[in-house]
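K.L.:
Okay, so here is input.cif, and as you'll see once you scroll down, it has mmCIF, C-alpha atoms.
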data_entry
loop_
_atom_site.label_atom_id
_atom_site.label_comp_id
_atom_site.auth_asym_id
_atom_site.auth_seq_id
_atom_site.Cartn_x
_atom_site.Cartn_y
_atom_site.Cartn_z
CA MET A 551 15.11 0.47 -25.91
CA GLN A 552 17.19 2.24 -23.31
CA VAL A 553 20.65 3.67 -23.80
CA ARG A 554 22.83 4.91 -20.95
CA LYS A 555 23.67 8.63 -21.12
CA ASP A 556 24.80 11.43 -18.82
CA TYR A 557 22.18 12.55 -16.31
CA ALA A 558 22.34 16.12 -17.67
CA GLU A 559 21.11 14.87 -21.04
CA VAL A 560 18.53 12.39 -19.77
CA ILE A 561 16.86 14.78 -17.34
CA THR A 562 15.91 17.08 -20.23
CA ARG A 563 13.19 14.48 -20.92
CA LYS A 564 11.29 15.58 -17.80
CA PHE A 565 9.24 18.37 -19.44
CA PRO A 566 6.53 19.66 -19.12
CA GLU A 567 7.17 20.30 -15.42
CA ALA A 568 4.55 22.08 -13.29
CA VAL A 569 5.82 25.15 -11.45
CA VAL A 570 4.72 26.80 -8.23
CA ILE A 571 5.47 30.20 -6.72
CA ALA A 572 6.26 30.17 -3.00
CA ILE A 573 5.81 33.42 -1.05
CA ALA A 574 7.28 34.11 2.40
CA LYS A 575 8.00 37.27 4.42
CA ASP A 576 11.66 38.14 4.91
CA ALA A 577 13.38 39.74 7.92
CA GLN A 578 12.97 43.21 6.37
CA GLY A 579 9.21 42.70 6.21
CA LYS A 580 8.92 42.29 2.46
CA TYR A 581 7.05 39.44 0.83
CA ASN A 582 9.41 37.44 -1.38
CA PRO A 583 8.09 35.21 -4.18
CA ILE A 584 10.21 32.48 -5.74
CA THR A 585 9.32 30.26 -8.68
CA LEU A 586 10.12 26.58 -8.17
CA GLY A 587 9.93 23.55 -10.43
CA TRP A 588 10.83 20.97 -7.81
CA THR A 589 7.68 20.48 -5.75
CA MET A 590 5.31 17.66 -4.83
CA ILE A 591 2.45 16.68 -2.60
CA THR A 592 3.70 14.49 0.25
CA SER A 593 0.69 13.64 2.41
CA HIS A 594 -3.04 13.31 2.01
CA GLU A 595 -4.09 13.42 5.69
CA PRO A 596 -2.98 15.84 6.97
CA PRO A 597 -2.37 17.58 3.63
CA MET A 598 1.31 18.41 3.13
CA MET A 599 3.47 19.67 0.27
CA ALA A 600 7.23 19.69 -0.30
CA MET A 601 9.50 21.94 -2.30
CA ALA A 602 13.23 22.07 -2.89
CA VAL A 603 15.09 25.41 -2.71
CA ALA A 604 18.78 25.80 -3.56
CA LEU A 605 20.86 26.12 -0.39
CA THR A 606 22.52 29.30 -1.69
CA HIS A 607 19.25 31.05 -2.59
CA TYR A 608 17.89 33.93 -0.52
CA SER A 609 14.48 32.24 -0.42
CA ARG A 610 16.01 29.31 1.44
CA GLU A 611 16.94 31.65 4.32
CA VAL A 612 13.61 33.47 4.15
CA ILE A 613 11.41 30.36 4.27
CA GLU A 614 13.52 28.80 7.01
CA ALA A 615 13.26 31.92 9.19
CA ALA A 616 9.60 32.64 8.44
CA GLY A 617 8.43 29.12 9.21
CA GLU A 618 5.36 29.66 7.03
CA PHE A 619 4.63 30.37 3.39
CA VAL A 620 2.08 30.23 0.61
CA VAL A 621 2.39 27.80 -2.30
CA ALA A 622 0.63 29.21 -5.36
CA PHE A 623 -0.14 27.25 -8.54
CA PRO A 624 0.36 30.08 -11.06
CA SER A 625 -1.97 30.23 -14.04
CA SER A 626 -0.60 30.14 -17.57
CA THR A 627 -1.25 33.89 -17.83
CA MET A 628 1.48 34.45 -15.23
CA ALA A 629 4.46 33.17 -17.23
CA GLU A 630 6.25 36.54 -17.29
CA ALA A 631 6.00 37.06 -13.53
CA ALA A 632 7.02 33.45 -12.86
CA LEU A 633 10.11 33.86 -15.02
CA PHE A 634 11.03 37.12 -13.26
CA TYR A 635 10.57 35.72 -9.74
CA GLY A 636 12.56 32.63 -10.68
CA THR A 637 15.53 34.45 -12.15
CA HIS A 638 16.07 37.34 -9.68
CA SER A 639 17.09 37.29 -6.04
CA GLY A 640 15.17 38.92 -3.19
CA ARG A 641 18.58 39.57 -1.64
CA ASP A 642 19.12 42.32 -4.22
CA ILE A 643 15.64 43.62 -5.04
CA ASP A 644 12.01 43.74 -3.94
CA LYS A 645 10.61 41.39 -6.57
CA LEU A 646 6.97 42.36 -6.05
CA LYS A 647 7.91 46.04 -6.39
CA GLU A 648 9.98 45.47 -9.54
CA HIS A 649 7.40 43.18 -11.11
CA PRO A 650 4.03 43.80 -9.39
CA ILE A 651 1.13 41.35 -9.58
CA ALA A 652 -2.24 41.18 -7.88
CA THR A 653 -2.11 39.73 -4.37
CA GLU A 654 -4.51 39.13 -1.48
CA ALA A 655 -3.90 38.67 2.23
CA ALA A 656 -3.55 35.12 3.48
CA SER A 657 -5.74 34.12 6.41
CA GLN A 658 -3.66 31.76 8.55
CA VAL A 659 -0.06 32.73 7.76
CA ASP A 660 1.76 36.04 7.25
CA ALA A 661 2.22 35.76 3.49
CA LEU A 662 0.32 36.64 0.32
CA LEU A 663 -2.03 34.81 -2.01
CA LEU A 664 -1.57 35.43 -5.73
CA SER A 665 -4.97 36.63 -7.00
CA ASP A 666 -4.60 35.31 -10.55
CA ALA A 667 -3.23 31.91 -9.56
CA VAL A 668 -5.20 28.73 -10.18
CA ALA A 669 -4.93 27.92 -6.47
CA ASN A 670 -3.09 28.98 -3.29
CA PHE A 671 -2.20 26.86 -0.28
CA GLU A 672 -1.22 28.42 3.06
CA CYS A 673 1.43 26.29 4.75
CA LYS A 674 3.14 26.00 8.13
CA LEU A 675 6.68 24.65 7.90
CA GLU A 676 6.51 21.09 9.22
CA SER A 677 10.02 19.76 8.55
CA LYS A 678 13.12 20.37 6.46
CA MET A 679 16.02 18.29 5.23
CA VAL A 680 19.17 19.05 3.26
CA VAL A 681 19.22 16.94 0.09
CA GLY A 682 22.40 17.49 -1.94
CA ASP A 683 22.56 21.13 -3.03
CA HIS A 684 18.96 21.96 -2.06
CA MET A 685 16.90 22.18 1.11
CA LEU A 686 13.66 20.26 1.07
CA PHE A 687 10.88 22.06 2.93
CA VAL A 688 7.68 20.23 3.93
CA GLY A 689 4.66 22.39 4.71
CA ARG A 690 1.37 21.44 6.32
CA VAL A 691 -1.53 23.02 4.43
CA VAL A 692 -3.67 25.07 6.84
CA ALA A 693 -5.90 26.88 4.33
CA SER A 694 -6.68 26.38 0.62
CA HIS A 695 -8.00 28.84 -1.94
CA MET A 696 -8.99 28.51 -5.58
CA ASN A 697 -9.65 30.99 -8.35
CA THR A 698 -13.30 31.84 -8.98
CA ASP A 699 -12.39 31.46 -12.68
CA THR A 700 -12.12 27.68 -12.95
CA THR A 701 -11.18 27.79 -16.63
CA LEU A 702 -7.65 28.96 -15.78
CA LYS A 703 -4.86 26.48 -16.43
CA ARG A 704 -1.66 25.75 -14.49
CA LEU A 705 1.71 26.99 -15.68
CA TYR A 706 4.40 24.53 -16.80
CA THR A 707 8.02 24.81 -17.86
CA LEU A 708 8.02 23.36 -21.36
CA ALA A 709 11.71 23.12 -22.21
CA PRO A 710 15.18 23.63 -20.73
CA ASP A 711 15.21 27.27 -21.95
CA TYR A 712 12.65 28.33 -19.27
CA ARG A 713 9.87 28.61 -21.88
CA MET A 714 6.64 28.40 -19.89
CA GLY A 715 3.00 27.98 -20.81
CA ALA A 716 -0.16 25.92 -20.50
CA VAL A 717 -0.53 22.30 -21.54
CA SER A 718 -3.51 20.27 -22.70
CA ALA A 719 -4.21 16.58 -22.90
CA ASP A 720 -3.23 15.36 -26.36
CA VAL A 721 -6.79 14.25 -27.01
CA SER A 722 -7.80 17.93 -26.99
CA CYS A 723 -5.26 18.69 -29.68
CA GLN A 724 -6.75 16.05 -31.91
CA SER A 725 -10.33 17.22 -31.54
CA MET B 455 -9.93 36.33 -7.33
CA GLN B 456 -9.41 33.67 -4.70
CA VAL B 457 -12.09 31.98 -2.64
CA ARG B 458 -11.36 29.74 0.33
CA LYS B 459 -12.49 26.13 -0.10
CA ASP B 460 -11.76 22.69 1.33
CA TYR B 461 -8.34 21.30 0.42
CA ALA B 462 -9.97 18.25 -1.18
CA GLU B 463 -11.71 20.49 -3.70
CA VAL B 464 -8.81 22.87 -4.35
CA ILE B 465 -6.20 20.16 -4.91
CA THR B 466 -8.19 18.85 -7.91
CA ARG B 467 -6.73 21.89 -9.73
CA LYS B 468 -3.28 20.27 -9.73
CA PHE B 469 -3.68 18.32 -13.00
CA PRO B 470 -1.94 17.37 -15.29
CA GLU B 471 0.47 15.68 -12.86
CA ALA B 472 3.50 13.76 -14.18
CA VAL B 473 3.75 10.16 -12.98
CA VAL B 474 6.72 7.88 -12.46
CA ILE B 475 6.99 4.13 -11.94
CA ALA B 476 9.42 3.06 -9.20
CA ILE B 477 10.79 -0.50 -9.32
CA ALA B 478 12.49 -2.28 -6.41
CA LYS B 479 13.21 -5.92 -5.54
CA ASP B 480 11.24 -7.38 -2.64
CA ALA B 481 12.32 -9.94 -0.01
CA GLN B 482 10.90 -12.78 -2.14
CA GLY B 483 13.13 -11.75 -5.03
CA LYS B 484 10.43 -10.32 -7.27
CA TYR B 485 10.69 -6.91 -8.89
CA ASN B 486 7.79 -4.73 -7.76
CA PRO B 487 6.71 -1.68 -9.78
CA ILE B 488 4.56 1.07 -8.28
CA THR B 489 3.10 4.09 -10.04
CA LEU B 490 3.51 7.35 -8.15
CA GLY B 491 2.26 10.86 -8.78
CA TRP B 492 4.09 12.52 -5.90
CA THR B 493 7.68 12.85 -7.06
CA MET B 494 10.23 15.60 -7.65
CA ILE B 495 13.86 16.33 -8.35
CA THR B 496 15.60 17.49 -5.17
CA SER B 497 19.24 18.13 -6.08
CA HIS B 498 21.26 19.04 -9.14
CA GLU B 499 24.75 18.11 -7.90
CA PRO B 500 24.73 15.29 -6.97
CA PRO B 501 21.53 14.45 -8.84
CA MET B 502 18.78 13.30 -6.47
CA MET B 503 15.07 12.58 -6.73
CA ALA B 504 12.33 12.21 -4.12
CA MET B 505 9.09 10.29 -4.09
CA ALA B 506 6.32 9.83 -1.52
CA VAL B 507 4.89 6.36 -0.88
CA ALA B 508 1.92 5.72 1.42
CA LEU B 509 3.09 4.28 4.76
CA THR B 510 0.63 1.39 4.47
CA HIS B 511 1.70 0.39 0.94
CA TYR B 512 3.76 -2.73 0.27
CA SER B 513 6.15 -0.70 -1.88
CA ARG B 514 7.06 1.39 1.15
CA GLU B 515 8.43 -1.72 2.88
CA VAL B 516 10.07 -2.98 -0.30
CA ILE B 517 11.93 0.25 -1.12
CA GLU B 518 12.99 0.73 2.49
CA ALA B 519 14.43 -2.79 2.68
CA ALA B 520 15.99 -2.80 -0.79
CA GLY B 521 17.77 0.53 -0.33
CA GLU B 522 17.87 0.99 -4.11
CA PHE B 523 15.38 1.39 -6.91
CA VAL B 524 14.78 2.60 -10.44
CA VAL B 525 12.65 5.66 -11.19
CA ALA B 526 11.13 5.36 -14.67
CA PHE B 527 9.39 8.17 -16.54
CA PRO B 528 6.74 6.08 -18.34
CA SER B 529 5.81 7.04 -21.87
CA SER B 530 2.23 7.89 -22.79
CA THR B 531 1.92 4.47 -24.45
CA MET B 532 2.22 2.88 -20.99
CA ALA B 533 -0.99 4.24 -19.45
CA GLU B 534 -2.59 0.81 -18.98
CA ALA B 535 0.43 -0.67 -17.19
CA ALA B 536 0.83 2.46 -15.05
CA LEU B 537 -2.81 2.24 -13.98
CA PHE B 538 -2.43 -1.47 -13.13
CA TYR B 539 0.78 -1.00 -11.12
CA GLY B 540 -0.74 1.93 -9.28
CA THR B 541 -3.95 0.20 -8.27
CA HIS B 542 -2.74 -3.29 -7.23
CA SER B 543 -0.51 -4.36 -4.35
CA GLY B 544 2.65 -6.42 -4.69
CA ARG B 545 1.70 -7.92 -1.32
CA ASP B 546 -1.03 -9.91 -3.10
CA ILE B 547 0.29 -10.47 -6.61
CA ASP B 548 3.35 -10.40 -8.85
CA LYS B 549 2.48 -7.27 -10.81
CA LEU B 550 4.97 -7.86 -13.63
CA LYS B 551 3.64 -11.41 -14.06
CA GLU B 552 -0.01 -10.30 -14.08
CA HIS B 553 0.66 -7.34 -16.35
CA PRO B 554 3.96 -7.95 -18.18
CA ILE B 555 5.92 -5.18 -19.91
CA ALA B 556 9.33 -5.02 -21.53
CA THR B 557 12.18 -4.60 -19.06
CA GLU B 558 15.97 -4.47 -19.13
CA ALA B 559 18.56 -5.10 -16.43
CA ALA B 560 19.80 -2.09 -14.52
CA SER B 561 23.56 -1.63 -14.31
CA GLN B 562 24.27 -0.22 -10.84
CA VAL B 563 21.33 -1.42 -8.73
CA ASP B 564 19.38 -4.69 -8.47
CA ALA B 565 16.21 -3.47 -10.17
CA LEU B 566 14.77 -3.22 -13.68
CA LEU B 567 14.64 -0.52 -16.33
CA LEU B 568 11.37 -0.20 -18.27
CA SER B 569 12.29 -0.54 -21.95
CA ASP B 570 9.47 1.62 -23.32
CA ALA B 571 9.86 4.41 -20.78
CA VAL B 572 11.00 7.87 -21.83
CA ALA B 573 13.84 7.61 -19.29
CA ASN B 574 15.06 5.52 -16.35
CA PHE B 575 17.14 6.62 -13.37
CA GLU B 576 18.94 4.10 -11.15
CA CYS B 577 18.93 5.34 -7.55
CA LYS B 578 20.57 4.48 -4.25
CA LEU B 579 18.40 5.36 -1.24
CA GLU B 580 20.02 8.43 0.32
CA SER B 581 17.53 9.41 3.03
CA LYS B 582 13.93 8.98 4.11
CA MET B 583 11.48 10.90 6.24
CA VAL B 584 7.90 10.29 7.39
CA VAL B 585 5.67 13.14 6.19
CA GLY B 586 2.09 12.72 7.37
CA ASP B 587 0.64 9.51 5.93
CA HIS B 588 3.49 8.96 3.45
CA MET B 589 7.19 8.17 3.56
CA LEU B 590 9.39 10.45 1.51
CA PHE B 591 12.31 8.60 -0.08
CA VAL B 592 15.28 10.51 -1.53
CA GLY B 593 17.43 8.64 -4.02
CA ARG B 594 20.83 9.57 -5.43
CA VAL B 595 20.92 8.93 -9.18
CA VAL B 596 23.84 6.61 -10.03
CA ALA B 597 22.99 5.85 -13.67
CA SER B 598 20.64 7.43 -16.25
CA HIS B 599 19.12 5.94 -19.38
CA MET B 600 16.93 7.35 -22.11
CA ASN B 601 14.84 5.81 -24.86
CA THR B 602 16.45 5.66 -28.29
CA ASP B 603 13.07 6.88 -29.58
CA THR B 604 13.20 10.54 -28.51
CA THR B 605 9.73 11.29 -29.90
CA LEU B 606 8.09 9.47 -26.97
CA LYS B 607 6.21 11.65 -24.49
CA ARG B 608 5.87 11.40 -20.71
CA LEU B 609 2.72 10.10 -19.08
CA TYR B 610 0.53 12.39 -16.94
CA THR B 611 -2.55 11.91 -14.80
CA LEU B 612 -5.09 14.23 -16.38
CA ALA B 613 -7.98 14.19 -13.92
CA PRO B 614 -9.02 12.85 -10.51
CA ASP B 615 -10.46 9.71 -12.15
CA TYR B 616 -6.95 8.31 -12.92
CA ARG B 617 -7.32 9.12 -16.63
CA MET B 618 -3.77 9.21 -17.98
CA GLY B 619 -2.22 10.34 -21.23
CA ALA B 620 0.24 12.63 -22.96
CA VAL B 621 0.13 16.43 -22.88
CA SER B 622 1.33 19.06 -25.31
CA ALA B 623 2.08 22.74 -24.99
CA ASP B 624 -1.05 24.70 -25.85
CA VAL B 625 0.74 26.38 -28.71
CA SER B 626 0.81 23.00 -30.47
CA CYS B 627 -2.94 22.73 -30.16
CA GLN B 628 -3.42 26.10 -31.79
CA SER B 629 -1.17 25.38 -34.75
#
Before anything else, please render the file you have as structure tokens.

P.N.:
Amino acid sequence: MQVRKDYAEVITRKFPEAVVIAIAKDAQGKYNPITLGWTMITSHEPPMMAMAVALTHYSREVIEAAGEFVVAFPSSTMAEAALFYGTHSGRDIDKLKEHPIATEAASQVDALLLSDAVANFECKLESKMVVGDHMLFVGRVVASHMNTDTTLKRLYTLAPDYRMGAVSADVSCQS
Amino acid sequence: MQVRKDYAEVITRKFPEAVVIAIAKDAQGKYNPITLGWTMITSHEPPMMAMAVALTHYSREVIEAAGEFVVAFPSSTMAEAALFYGTHSGRDIDKLKEHPIATEAASQVDALLLSDAVANFECKLESKMVVGDHMLFVGRVVASHMNTDTTLKRLYTLAPDYRMGAVSADVSCQS
């Protein structure tokens, strides 16, 4: 049975929520990663992905100006980095310098792949739209990469307190 | 370490993927549910959500014409219904008649809440955009509802074969 409540309370039922890390090059030439929980696939052919970035965030400016970016699916081993990149601004610091992680050159866009991620997708900015207090970016995937270690698991936000980790199908828990 | 592969192979690393069921009223007056895996939150204030629906799907026409809809977060007990609503077309059948589930009237839009869902969000269509082979709908949330049973868990697609179920944080599995 459903009971009407404030949105702020009801939306806490969304977890676990998969996170991505988007990486784009800023005007100073530094690669800026940002952790995002609001992302989705939007097209099968051609492959496209969308992500929402707060209008006030530095990454919004960076992605808009760069016109290209990488979308990484971080692995559950990357929770600490994901938390750092999601709670600091590239306007103030060089996130990859303050909290280094392994990266690799992308092949089709001027951005970085995250070496320990489950997967990385190189994207060209296809369209953008302001939606409330966020900007929705749609990228066309131009190259895809996966980790040679296929046992790695994606990273999810598990609760409103930014706790992040891996998830498993409940059937696994029962076995 | 990353290795470049075809998108079709790499994207299979996305699972588990949370699913929603969107419900809108069609021109014949029947409420049409569709299960969608490509959804996201897009704004905090005002609250907004986006979902991608294949351009060729009946639900694309229905949602576009209705201009309002409910986004339900199905519970893991609703896997069978979610699979049915996601693999049949409302152009051919009355999905809720063929595969009935408990529903409740919405309060602000002419659509239905799913009684056994974890949560339901009533939405007014705010904007839309064609992205590749899908249409991206953005809805503004005008009313939110949650299940009185707060132990229910969201439903996820677990693998490319449409297998659906609940997930738990890995820490639970280890305990």

K.L.:
Using only C-alpha atoms, select each residue of chain B with any atom at most 6 Å away from an atom of chain A, and give the selection as number ranges by chain.

P.N.:
B: 455-459, 461, 464, 492-497, 500, 506, 569, 586-588, 598-602, 620-624, 627

K.L.:
Could you please determine the separation between CA of Phe619 (chain A) and CA of Glu648 (chain A) in Å, to one decimal place?

P.N.:
20.6 Å

K.L.:
Any idea what's packed within 9 Å of Ala574 (chain A), counting only C-alpha atoms, ignoring anything in its chain fewer than 4 positions away? Could you give it as an MDAnalysis selection string?

P.N.:
chainID A and resid 580:584 609 612:613 616:620 660:662

K.L.:
Between CA of Pro624 (chain A) and CA of Leu675 (chain A), measure the distance and give it in Å to one decimal.

P.N.:
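Answer for the CA of Pro624 (chain A) to CA of Leu675 (chain A) separation: 20.7 Å.
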
K.L.:
Could you please determine the separation between CA of Thr585 (chain A) and CA of Ala572 (chain A) in Å, to one decimal place?

P.N.:
6.5 Å

K.L.:
After superposing chain B onto chain A (least squares, all C-alpha atoms, pairing by order), export the transformed chain as a compact mmCIF listing (two decimals) with C-alpha atoms, keeping the file's coordinate frame.

P.N.:
# COMPACT_ATOMS: atom_id res chain seq x y z
CA MET B 455 15.09 0.49 -25.93
CA GLN B 456 17.18 2.26 -23.33
CA VAL B 457 20.65 3.68 -23.81
CA ARG B 458 22.82 4.93 -20.96
CA LYS B 459 23.66 8.64 -21.13
CA ASP B 460 24.79 11.44 -18.83
CA TYR B 461 22.17 12.56 -16.30
CA ALA B 462 22.33 16.11 -17.66
CA GLU B 463 21.12 14.88 -21.04
CA VAL B 464 18.53 12.39 -19.78
CA ILE B 465 16.86 14.78 -17.34
CA THR B 466 15.90 17.10 -20.23
CA ARG B 467 13.19 14.49 -20.93
CA LYS B 468 11.30 15.58 -17.81
CA PHE B 469 9.25 18.36 -19.44
CA PRO B 470 6.52 19.65 -19.12
CA GLU B 471 7.18 20.29 -15.42
CA ALA B 472 4.55 22.07 -13.29
CA VAL B 473 5.82 25.16 -11.45
CA VAL B 474 4.72 26.80 -8.23
CA ILE B 475 5.46 30.20 -6.72
CA ALA B 476 6.26 30.17 -2.99
CA ILE B 477 5.80 33.42 -1.04
CA ALA B 478 7.27 34.11 2.40
CA LYS B 479 8.00 37.26 4.43
CA ASP B 480 11.66 38.14 4.92
CA ALA B 481 13.40 39.74 7.93
CA GLN B 482 12.98 43.21 6.38
CA GLY B 483 9.22 42.70 6.21
CA LYS B 484 8.93 42.29 2.46
CA TYR B 485 7.05 39.43 0.83
CA ASN B 486 9.41 37.44 -1.38
CA PRO B 487 8.09 35.21 -4.17
CA ILE B 488 10.21 32.47 -5.74
CA THR B 489 9.32 30.25 -8.68
CA LEU B 490 10.11 26.58 -8.16
CA GLY B 491 9.91 23.57 -10.43
CA TRP B 492 10.82 20.97 -7.82
CA THR B 493 7.68 20.49 -5.76
CA MET B 494 5.30 17.68 -4.83
CA ILE B 495 2.44 16.69 -2.59
CA THR B 496 3.71 14.50 0.26
CA SER B 497 0.69 13.65 2.41
CA HIS B 498 -3.05 13.32 2.02
CA GLU B 499 -4.09 13.42 5.70
CA PRO B 500 -2.97 15.86 6.96
CA PRO B 501 -2.37 17.59 3.63
CA MET B 502 1.31 18.42 3.12
CA MET B 503 3.47 19.67 0.27
CA ALA B 504 7.23 19.69 -0.30
CA MET B 505 9.48 21.95 -2.30
CA ALA B 506 13.24 22.07 -2.89
CA VAL B 507 15.08 25.40 -2.72
CA ALA B 508 18.77 25.79 -3.57
CA LEU B 509 20.86 26.12 -0.38
CA THR B 510 22.52 29.28 -1.70
CA HIS B 511 19.24 31.04 -2.59
CA TYR B 512 17.88 33.92 -0.52
CA SER B 513 14.47 32.24 -0.41
CA ARG B 514 16.00 29.31 1.45
CA GLU B 515 16.93 31.64 4.33
CA VAL B 516 13.62 33.47 4.15
CA ILE B 517 11.41 30.36 4.28
CA GLU B 518 13.52 28.80 7.02
CA ALA B 519 13.26 31.91 9.19
CA ALA B 520 9.60 32.64 8.45
CA GLY B 521 8.43 29.10 9.21
CA GLU B 522 5.35 29.66 7.03
CA PHE B 523 4.63 30.36 3.40
CA VAL B 524 2.08 30.23 0.61
CA VAL B 525 2.38 27.79 -2.29
CA ALA B 526 0.63 29.21 -5.36
CA PHE B 527 -0.14 27.26 -8.53
CA PRO B 528 0.35 30.08 -11.05
CA SER B 529 -1.97 30.23 -14.03
CA SER B 530 -0.61 30.15 -17.57
CA THR B 531 -1.27 33.89 -17.84
CA MET B 532 1.47 34.45 -15.23
CA ALA B 533 4.45 33.17 -17.23
CA GLU B 534 6.25 36.53 -17.30
CA ALA B 535 6.00 37.06 -13.53
CA ALA B 536 7.01 33.45 -12.85
CA LEU B 537 10.09 33.86 -15.03
CA PHE B 538 11.02 37.12 -13.26
CA TYR B 539 10.57 35.71 -9.74
CA GLY B 540 12.54 32.62 -10.67
CA THR B 541 15.52 34.43 -12.15
CA HIS B 542 16.06 37.32 -9.68
CA SER B 543 17.09 37.28 -6.03
CA GLY B 544 15.17 38.92 -3.21
CA ARG B 545 18.58 39.57 -1.64
CA ASP B 546 19.13 42.31 -4.25
CA ILE B 547 15.65 43.61 -5.05
CA ASP B 548 12.03 43.73 -3.94
CA LYS B 549 10.61 41.38 -6.57
CA LEU B 550 6.97 42.37 -6.06
CA LYS B 551 7.92 46.05 -6.39
CA GLU B 552 9.98 45.48 -9.55
CA HIS B 553 7.40 43.17 -11.10
CA PRO B 554 4.04 43.80 -9.39
CA ILE B 555 1.13 41.36 -9.58
CA ALA B 556 -2.24 41.19 -7.87
CA THR B 557 -2.11 39.75 -4.36
CA GLU B 558 -4.49 39.14 -1.48
CA ALA B 559 -3.88 38.67 2.24
CA ALA B 560 -3.55 35.12 3.48
CA SER B 561 -5.74 34.13 6.42
CA GLN B 562 -3.65 31.76 8.55
CA VAL B 563 -0.05 32.73 7.77
CA ASP B 564 1.78 36.05 7.27
CA ALA B 565 2.23 35.76 3.50
CA LEU B 566 0.33 36.65 0.33
CA LEU B 567 -2.02 34.80 -1.99
CA LEU B 568 -1.58 35.44 -5.72
CA SER B 569 -4.97 36.63 -6.99
CA ASP B 570 -4.61 35.31 -10.54
CA ALA B 571 -3.24 31.91 -9.55
CA VAL B 572 -5.21 28.74 -10.18
CA ALA B 573 -4.93 27.93 -6.45
CA ASN B 574 -3.10 28.98 -3.28
CA PHE B 575 -2.19 26.86 -0.27
CA GLU B 576 -1.21 28.43 3.06
CA CYS B 577 1.44 26.29 4.76
CA LYS B 578 3.13 26.01 8.13
CA LEU B 579 6.69 24.65 7.90
CA GLU B 580 6.51 21.09 9.23
CA SER B 581 10.01 19.76 8.55
CA LYS B 582 13.11 20.37 6.46
CA MET B 583 16.01 18.29 5.24
CA VAL B 584 19.18 19.04 3.26
CA VAL B 585 19.22 16.94 0.08
CA GLY B 586 22.38 17.50 -1.94
CA ASP B 587 22.57 21.14 -3.03
CA HIS B 588 18.97 21.95 -2.06
CA MET B 589 16.90 22.18 1.10
CA LEU B 590 13.65 20.26 1.06
CA PHE B 591 10.88 22.06 2.93
CA VAL B 592 7.68 20.23 3.92
CA GLY B 593 4.67 22.39 4.70
CA ARG B 594 1.37 21.43 6.31
CA VAL B 595 -1.53 23.03 4.43
CA VAL B 596 -3.66 25.08 6.85
CA ALA B 597 -5.89 26.89 4.34
CA SER B 598 -6.68 26.39 0.62
CA HIS B 599 -8.00 28.85 -1.94
CA MET B 600 -8.98 28.52 -5.56
CA ASN B 601 -9.65 31.00 -8.34
CA THR B 602 -13.29 31.85 -8.98
CA ASP B 603 -12.40 31.48 -12.67
CA THR B 604 -12.13 27.68 -12.94
CA THR B 605 -11.20 27.80 -16.64
CA LEU B 606 -7.66 28.97 -15.78
CA LYS B 607 -4.87 26.48 -16.43
CA ARG B 608 -1.68 25.76 -14.49
CA LEU B 609 1.69 26.98 -15.68
CA TYR B 610 4.39 24.51 -16.80
CA THR B 611 8.01 24.81 -17.87
CA LEU B 612 8.01 23.36 -21.36
CA ALA B 613 11.70 23.12 -22.22
CA PRO B 614 15.18 23.63 -20.75
CA ASP B 615 15.20 27.26 -21.96
CA TYR B 616 12.64 28.33 -19.28
CA ARG B 617 9.86 28.60 -21.88
CA MET B 618 6.63 28.40 -19.89
CA GLY B 619 2.99 27.98 -20.82
CA ALA B 620 -0.16 25.93 -20.49
CA VAL B 621 -0.54 22.30 -21.54
CA SER B 622 -3.52 20.28 -22.68
CA ALA B 623 -4.22 16.58 -22.89
CA ASP B 624 -3.24 15.35 -26.35
CA VAL B 625 -6.79 14.28 -27.01
CA SER B 626 -7.76 17.96 -27.05
CA CYS B 627 -5.19 18.64 -29.73
CA GLN B 628 -6.62 15.92 -31.93
CA SER B 629 -10.21 17.10 -31.65

K.L.:
I'd like the residues picked by the PyMOL selection byres ((chain B and resi 553) around 10) written out as a list in words, using the chain letters and numbers from the file.

P.N.:
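With the shown file as input, the PyMOL selection byres ((chain B and resi 553) around 10) matches Glu534, Ala535, Ala536, Phe538, Tyr539, Asp548, Lys549, Leu550, Lys551, Glu552, Pro554 and Ile555 of chain B.
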
K.L.:
N, CA and C atoms are what I want for region 562-568 of chain B; can you complete it accordingly and write them as a CSV table (one decimal), keeping the file's coordinate frame?

P.N.:
chain,number,residue,atom,x,y,z
B,562,GLN,N,23.6,-0.6,-12.1
B,562,GLN,CA,24.3,-0.2,-10.8
B,562,GLN,C,23.4,-0.6,-9.6
B,563,VAL,N,22.2,-1.0,-9.8
B,563,VAL,CA,21.3,-1.4,-8.7
B,563,VAL,C,20.6,-2.7,-9.2
B,564,ASP,N,20.1,-3.5,-8.2
B,564,ASP,CA,19.4,-4.7,-8.5
B,564,ASP,C,17.9,-4.3,-8.6
B,565,ALA,N,17.6,-3.8,-9.8
B,565,ALA,CA,16.2,-3.5,-10.2
B,565,ALA,C,16.1,-3.5,-11.7
B,566,LEU,N,15.0,-3.1,-12.2
B,566,LEU,CA,14.8,-3.2,-13.7
B,566,LEU,C,14.5,-1.8,-14.3
B,567,LEU,N,15.0,-1.7,-15.5
B,567,LEU,CA,14.6,-0.5,-16.3
B,567,LEU,C,13.4,-0.9,-17.1
B,568,LEU,N,12.5,0.1,-17.4
B,568,LEU,CA,11.4,-0.2,-18.3
B,568,LEU,C,11.7,0.2,-19.7
